[in-house]
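Below is one structure, written out as structure tokens; comments come after it.
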Protein chains: 2
Amino acid sequence: MSILVVGSVAYDSVSTSHGSRQDALGGSATYFAVSASYFDTVEVVAVVGEDFSQDDRALLNAHGVDISGLETAPGKTFRWAGEYSRENVNNRTTLDTQLNVFAEFAPRLTPQQRRVPYLFLANIAPELQLQVLGQMEQRPRLVAADTMNFWIEGNREALAEVVKSVDVLLMDEGEVRQFVEPYVKNLNVVKAARYILEMGPRLVIVKRGDHGVIQFMQDSVFAASAYPLEDVVDPTGAGDSFAGGLMGYLAATGDTSAEGFRNATVLGSVMGSFAVESFSLDRIKSLAPSEISERFRAFVELSRFNGLSESETLPWRVGVAPG
Amino acid sequence: MSILVVGSVAYDSVSTSHGSRQDALGGSATYFAVSASYFDTVEVVAVVGEDFSQDDRALLNAHGVDISGLETAPGKTFRWAGEYSRENVNNRTTLDTQLNVFAEFAPRLTPQQRRVPYLFLANIAPELQLQVLGQMEQRPRLVAADTMNFWIEGNREALAEVVKSVDVLLMDEGEVRQFVEPYVKNLNVVKAARYILEMGPRLVIVKRGDHGVIQFMQDSVFAASAYPLEDVVDPTGAGDSFAGGLMGYLAATGDTSAEGFRNATVLGSVMGSFAVESFSLDRIKSLAPSEISERFRAFVELSRFNGLSESETLPWRVGVAPG
């Protein structure tokens with residue numbers, strides 16, 4: 001089944017403790033599409049400027065990503081510059097944002113795209129996310145959306161409409177609390193995630209940077225640790241690569257049960273772990289299937305413990321009856 | 001098999017987003033002993049002042065904790081006051097520390113205690129931890145130690161000796177990097193934990209607050225998420241209660257294999273999750289075995305996913321050969 005992503009394609013300038021890179025291929029739709037392309041067919045709706053390189057088009061083509069919906073507009077491609085803290089890779093500072101052609105982005109879906117079964121609304125203005133949803137001829141089988149603090153601050157009402165309309169919502173820990181704060185004060189992240197669940201989504205995935213993710217459904221909670229990498233080279237694109245693995249699994253298997261979501265979240269974590277091992281898409285663009293399977297099994301090993309069989313009990317002291 | 005803990009018994013004054021409590025029972029040895037007491041016999045070596053209450057002695061007695069090594073010295077019991085951030089329960093500020101009788105604490109073990117098989121060196125000066133180790137008649141079957149940033153800053157050499165001498169080391173993420181920094185610059189937490197493993201411990205447990213723990217051995221890594229509690233009332237004692245569950249499991253089962261350590265870490269996480277549900281020891285002092293078993297099974301459910309059987313493969317697109 002096909003996946004459609006609507007988001008950004010960008011050139012990023014990034015500085016981390018492992019060095020820096022200027023004007024390297026990035027953007028939420030790019031990371032998502034390349035990640036998901038290992039599992040199912042992906043179409044991109046986005047906009048680039050006249051400076052977008054043939055090499056970068058070729059990269060997406062090589063992954064079988066359908067870029068017929070990648071509009072080329074007069075002007076320059078969206079540019080973002082940022083710096084990650086040496087002390088904590090989860091902290092980043094935006095140094096520069098040049099929207100360029102992205103400022104006028106108005107996604108227009110083809111008749112075929114309006115019938116896509118799996119839709120990912122990457123981190124763009126919630127008004128645009130709603131426009132995309134409004135263009136769908138029928139409700140997709142599954143809609144997932146990402147967002148960021150910028151939209152929570154400035155476009156809360158539109159974002160609330162998005163939240164009510166999607167099946168899967170991705171937010172980081174701080175964003176979950178920030179989003180819920182005006183409705184109910186001082187909720188911790190667990191209560192805040194449950195509050196969001198009540199608004200509509202079947203699944204709320206809370207991103208915790210290099211600590212992994214925790215996913216909330218009405219009657220189950222699943223925590224997936226991040227893979228303990230010795231070198232996190234560049235965290236850019238981790239969340240979108242995660243979403244690509246997640247949606248790729250769901251679309252390829254069609255399993256949107258609670259069990260399917262758990263496996264999908266682990267495959268998302270696998271793809272996120274590859275994304276951060278290099279600058280730009282250097283690592284994630286050239287994965288062998290065996291590498292992905294191997295890391296998936298490493299995730300199994302990472303969280304595995306024997307637990308107790310039905311007949312076993314925990315060790316208890318004899319005769320102690322705590323009061 | 002018996003467990004010996006050497007650490008502090010204190011009266012804590014704590015302020016959190018859920019309220020505050022004055023002069024409530026606390027201390028590393030207290031939380032550890034009550035937590036471990038559900039699984040095996042525990043002896044405490046610590047010091048209190050003349051103000052230590054009969055009720056608090058009775059609490060330890062009711063849990064079968066041997067407090068014959070709890071010395072009463074002239075003066076007042078150790079007091080600590082702190083405040084936890086409303087935004088992030090992992091951030092705490094110490095408002096006041098009154099060492100009182102703890103300033104002169106010089107642990108003296110009885111002949112019987114010098115032969116204890118399981119020893120926990122709670123967070124005290126590393127010189128005292130070494131003194132305790134020096135008093136052991138024979139090397140215990142398992143020695144675990146905790147510490148804090150204060151000792152890393154001021155008592156690094158003694159602490160390095162402790163690290164070289166123990167089987168299990170507990171540190172939080174920041175402490176792991178802080179401890180390793182003078183030896184090798186700019187290691188991330190994974191590399192820093194592996195550096196510490198090379199110094200001697202079989203197991204390094206990195207505490208990540210409400211995100212859980214990750215444990216490193218030479219040839220395996222295990223991550224255990226924290227239980228997603230809707231109300232973290234007071235994080236004080238979480239680490240020591242974790243250590244109590246960990247050591248309790250190991251002592252009661254005698255299983256110090258890699259598999260045993262994984263189960264022990266989950267039981268530690270179970271006990272830590274109870275400790276933070278109330279101020280002081282209110283919750284952890286009155287647990288029914290069924291509550292502990294039930295939460296252990298909730299931890300199983302929290303991290304469970306189907307994964308892939310040997311014959312299954314991840315979903316792959318047909319005919320895509322990414323370049």
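Going by the structure tokens order, chains are called A, B, ..., each with residues numbered from 1, while ligands are numbered from 1 in the order shown.
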Test item: chain B residues at most 6 Å from chain A, counting only C-alpha atoms, as a list in words:
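Here they are: Phe39, Asp40, His63, Val190, Lys191, Val221, Phe222, Ala223, Glu230, Arg262, Ser286, Leu302, Ser303, Phe305, Pro315, Trp316, Arg317, Pro322 and Gly323 of chain B.
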Generate a file of the selected residues that holds C-alpha atoms, formatted as a PDB file, in the first residue's frame.
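Here's the written file again-v4.pdb:
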```pdb
ATOM      1  CA  PHE B  39      13.142 -10.290  49.182  1.00  0.00           C
ATOM      2  CA  ASP B  40      15.879 -11.154  51.671  1.00  0.00           C
ATOM      3  CA  HIS B  63      10.358  -5.210  57.970  1.00  0.00           C
ATOM      4  CA  VAL B 190      27.633   4.939  26.119  1.00  0.00           C
ATOM      5  CA  LYS B 191      31.370   5.257  25.595  1.00  0.00           C
ATOM      6  CA  VAL B 221      23.319  -3.892  27.024  1.00  0.00           C
ATOM      7  CA  PHE B 222      19.901  -3.868  28.636  1.00  0.00           C
ATOM      8  CA  ALA B 223      17.535  -0.913  28.822  1.00  0.00           C
ATOM      9  CA  GLU B 230       0.571   9.574  36.409  1.00  0.00           C
ATOM     10  CA  ARG B 262      18.291  -8.199  33.794  1.00  0.00           C
ATOM     11  CA  SER B 286       3.507  -1.183  53.159  1.00  0.00           C
ATOM     12  CA  LEU B 302       5.482  -2.158  29.051  1.00  0.00           C
ATOM     13  CA  SER B 303       8.431  -3.373  26.990  1.00  0.00           C
ATOM     14  CA  PHE B 305       6.699  -6.577  21.475  1.00  0.00           C
ATOM     15  CA  PRO B 315       8.652  -6.292   5.231  1.00  0.00           C
ATOM     16  CA  TRP B 316      10.757  -5.370   2.220  1.00  0.00           C
ATOM     17  CA  ARG B 317       9.733  -3.767  -1.011  1.00  0.00           C
ATOM     18  CA  PRO B 322      18.937   1.293  -2.610  1.00  0.00           C
ATOM     19  CA  GLY B 323      22.292   2.576  -3.813  1.00  0.00           C
TER      20      GLY B 323
END
```
Show which residues sit within 9 Å of Met199 of chain B, as a PyMOL selection string. Count only C-alpha atoms, and ignore same-chain residues fewer than 5 positions away.
chain B and resi 160+163-165+194
Skip Leu25 of chain A itself and residues of its chain fewer than 3 positions away, then list as a VMD selection string all residues within 9 Å of it, counting only C-alpha atoms.
chain A and resid 9 to 12 30 56 280 to 281
With DSSP run on the backbone, what are the strand (DSSP E) residues within segment 126-296 of chain A? I'd like them as a PyMOL selection string.
chain A and resi 142-146+168-172+203-207+213-217+220-224
Can those selected residues be exported to a file as a compact mmCIF listing (two decimals), in the first residue's frame so that it contains N, CA and C atoms?
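Below is the file that was written, part.txt:
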```
# COMPACT_ATOMS: atom_id res chain seq x y z
N LEU A 142 -4.91 5.31 7.58
CA LEU A 142 -4.15 5.79 8.74
C LEU A 142 -3.51 7.14 8.43
N VAL A 143 -3.71 8.08 9.33
CA VAL A 143 -3.08 9.40 9.21
C VAL A 143 -2.22 9.63 10.44
N ALA A 144 -0.96 9.98 10.22
CA ALA A 144 -0.07 10.34 11.33
C ALA A 144 0.42 11.76 11.12
N ALA A 145 0.68 12.46 12.21
CA ALA A 145 1.15 13.84 12.11
C ALA A 145 2.24 14.12 13.13
N ASP A 146 3.16 14.96 12.71
CA ASP A 146 4.22 15.48 13.58
C ASP A 146 4.00 16.98 13.70
N VAL A 168 -2.45 8.91 14.58
CA VAL A 168 -1.18 8.81 15.30
C VAL A 168 -0.59 10.21 15.41
N LEU A 169 -0.27 10.62 16.63
CA LEU A 169 0.35 11.92 16.84
C LEU A 169 1.74 11.73 17.42
N LEU A 170 2.73 12.40 16.84
CA LEU A 170 4.09 12.39 17.37
C LEU A 170 4.42 13.74 17.96
N MET A 171 4.90 13.75 19.20
CA MET A 171 5.34 14.99 19.84
C MET A 171 6.48 14.65 20.77
N ASP A 172 7.34 15.61 21.05
CA ASP A 172 8.34 15.32 22.07
C ASP A 172 7.76 15.64 23.45
N LEU A 203 -3.28 6.74 18.99
CA LEU A 203 -1.91 6.50 19.45
C LEU A 203 -1.21 7.85 19.62
N VAL A 204 -0.60 8.05 20.77
CA VAL A 204 0.25 9.22 20.97
C VAL A 204 1.66 8.73 21.23
N ILE A 205 2.58 9.14 20.38
CA ILE A 205 3.97 8.71 20.53
C ILE A 205 4.79 9.88 21.07
N VAL A 206 5.32 9.70 22.28
CA VAL A 206 6.09 10.74 22.92
C VAL A 206 7.57 10.47 22.70
N LYS A 207 8.23 11.39 22.02
CA LYS A 207 9.65 11.23 21.69
C LYS A 207 10.51 11.76 22.83
N VAL A 213 11.29 6.31 22.89
CA VAL A 213 9.91 6.81 22.80
C VAL A 213 9.02 6.01 23.74
N ILE A 214 7.88 6.61 24.06
CA ILE A 214 6.87 5.89 24.82
C ILE A 214 5.54 6.13 24.11
N GLN A 215 4.82 5.06 23.84
CA GLN A 215 3.58 5.22 23.08
C GLN A 215 2.38 4.84 23.92
N PHE A 216 1.41 5.73 23.86
CA PHE A 216 0.19 5.59 24.66
C PHE A 216 -0.99 5.25 23.77
N MET A 217 -1.74 4.21 24.15
CA MET A 217 -3.04 3.93 23.57
C MET A 217 -4.03 3.91 24.73
N SER A 220 -3.16 0.58 26.62
CA SER A 220 -1.82 0.01 26.71
C SER A 220 -0.76 1.09 26.58
N VAL A 221 0.37 0.83 27.19
CA VAL A 221 1.53 1.72 27.10
C VAL A 221 2.71 0.88 26.69
N PHE A 222 3.50 1.39 25.78
CA PHE A 222 4.67 0.67 25.29
C PHE A 222 5.86 1.62 25.26
N ALA A 223 6.96 1.21 25.88
CA ALA A 223 8.16 2.05 25.90
C ALA A 223 9.25 1.34 25.10
N ALA A 224 9.86 2.06 24.18
CA ALA A 224 10.97 1.53 23.39
C ALA A 224 12.19 2.41 23.63
```
Contacts of segment 271-275 of chain B at 7 Å or less, counting only C-alpha atoms, minus same-chain residues fewer than 3 places along, as a ChimeraX atom specification?
/B:35,227,237-239,241-242,245,267-268,278,281,283-284
Write the selection just made, keeping N, CA and C atoms, as an mmCIF file, in the first residue's frame?
```cif
data_model
loop_
_atom_site.group_PDB
_atom_site.id
_atom_site.type_symbol
_atom_site.label_atom_id
_atom_site.label_comp_id
_atom_site.auth_asym_id
_atom_site.auth_seq_id
_atom_site.Cartn_x
_atom_site.Cartn_y
_atom_site.Cartn_z
ATOM 1 N N SER B 35 13.247 -1.540 50.909
ATOM 2 C CA SER B 35 12.990 -2.121 49.579
ATOM 3 C C SER B 35 13.489 -3.564 49.497
ATOM 4 N N TYR B 227 8.474 3.062 34.888
ATOM 5 C CA TYR B 227 7.036 2.890 34.774
ATOM 6 C C TYR B 227 6.387 4.259 34.592
ATOM 7 N N GLY B 237 14.755 8.943 47.073
ATOM 8 C CA GLY B 237 14.866 7.535 47.432
ATOM 9 C C GLY B 237 14.645 6.579 46.280
ATOM 10 N N ALA B 238 14.345 7.091 45.088
ATOM 11 C CA ALA B 238 14.080 6.203 43.947
ATOM 12 C C ALA B 238 15.293 5.326 43.644
ATOM 13 N N GLY B 239 16.485 5.942 43.623
ATOM 14 C CA GLY B 239 17.688 5.194 43.282
ATOM 15 C C GLY B 239 18.031 4.138 44.329
ATOM 16 N N SER B 241 15.873 2.735 46.428
ATOM 17 C CA SER B 241 14.842 1.691 46.378
ATOM 18 C C SER B 241 15.090 0.781 45.187
ATOM 19 N N PHE B 242 15.536 1.375 44.076
ATOM 20 C CA PHE B 242 15.943 0.570 42.910
ATOM 21 C C PHE B 242 17.035 -0.411 43.327
ATOM 22 N N GLY B 245 15.731 -3.334 45.371
ATOM 23 C CA GLY B 245 15.084 -4.378 44.577
ATOM 24 C C GLY B 245 16.106 -5.208 43.811
ATOM 25 N N LEU B 267 13.212 -5.668 38.649
ATOM 26 C CA LEU B 267 12.645 -5.627 40.002
ATOM 27 C C LEU B 267 13.090 -4.336 40.715
ATOM 28 N N GLY B 268 14.321 -3.899 40.462
ATOM 29 C CA GLY B 268 14.758 -2.609 40.979
ATOM 30 C C GLY B 268 13.871 -1.483 40.471
ATOM 31 N N SER B 278 4.881 8.324 46.732
ATOM 32 C CA SER B 278 4.480 9.035 47.949
ATOM 33 C C SER B 278 5.683 9.780 48.504
ATOM 34 N N LEU B 281 8.792 7.135 52.959
ATOM 35 C CA LEU B 281 8.640 5.710 52.648
ATOM 36 C C LEU B 281 7.186 5.264 52.712
ATOM 37 N N ARG B 283 4.727 4.780 50.732
ATOM 38 C CA ARG B 283 4.201 3.732 49.840
ATOM 39 C C ARG B 283 5.021 2.453 49.975
ATOM 40 N N ILE B 284 6.347 2.614 49.983
ATOM 41 C CA ILE B 284 7.211 1.436 49.882
ATOM 42 C C ILE B 284 7.252 0.647 51.187
#
```
Might you pull out every residue within 6 Å of segment 42-47 of chain B, with only C-alpha atoms counted and same-chain residues fewer than 3 positions away left off, and present them as a PyMOL selection string?
chain B and resi 2-8+65-67+69-72
Writing out the chosen residues with C-alpha atoms as an mmCIF file, in the first residue's frame:
```
data_model
loop_
_atom_site.group_PDB
_atom_site.id
_atom_site.type_symbol
_atom_site.label_atom_id
_atom_site.label_comp_id
_atom_site.auth_asym_id
_atom_site.auth_seq_id
_atom_site.Cartn_x
_atom_site.Cartn_y
_atom_site.Cartn_z
ATOM 1 C CA SER B 2 22.027 -11.798 53.837
ATOM 2 C CA ILE B 3 22.506 -8.287 52.516
ATOM 3 C CA LEU B 4 24.453 -5.558 54.315
ATOM 4 C CA VAL B 5 23.932 -1.888 53.501
ATOM 5 C CA VAL B 6 26.175 0.902 54.729
ATOM 6 C CA GLY B 7 24.752 4.363 54.173
ATOM 7 C CA SER B 8 22.735 7.179 55.644
ATOM 8 C CA VAL B 65 15.654 -5.271 59.054
ATOM 9 C CA ASP B 66 18.495 -5.950 61.482
ATOM 10 C CA ILE B 67 19.322 -2.552 62.999
ATOM 11 C CA GLY B 69 24.393 -1.931 63.507
ATOM 12 C CA LEU B 70 22.439 1.339 63.668
ATOM 13 C CA GLU B 71 24.600 3.373 66.027
ATOM 14 C CA THR B 72 23.064 6.142 68.128
#
```
Residue set, segment 34-246 of chain A restricted to helix (DSSP H, G or I), as a PyMOL selection string
chain A and resi 34-36+54-62+100-104+113-115+126-135+149-154+156-165+173-180+189-199+209-211+238-246
With only C-alpha atoms as the basis for distance, which of A:Val270, A:Ile124, A:Ala58, A:Ala24 is at the shortest distance from Ala106 of chain A?
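Of A:Val270, A:Ile124, A:Ala58, A:Ala24, the one nearest Ala106 of chain A, counting only C-alpha atoms, is A:Ile124.
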Atom CA of Glu83 of chain A and atom CA of Ser15 of chain A are how many Å apart?
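For atom CA of Glu83 of chain A relative to atom CA of Ser15 of chain A, the distance reads 4.7 Å.
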Compare A:Ala29, A:Val233, A:Val180, A:Leu130 by their minimum atom-to-atom distance to Glu161 of chain A, counting only C-alpha atoms, and give me the closest one.
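Checking each of A:Ala29, A:Val233, A:Val180, A:Leu130 against Glu161 of chain A, counting only C-alpha atoms, the winner is A:Leu130.
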In Å, with one decimal, what is the gap from atom CA of Ser68 of chain B to atom CA of Leu246 of chain B?
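Those two atoms sit 23.4 Å apart.
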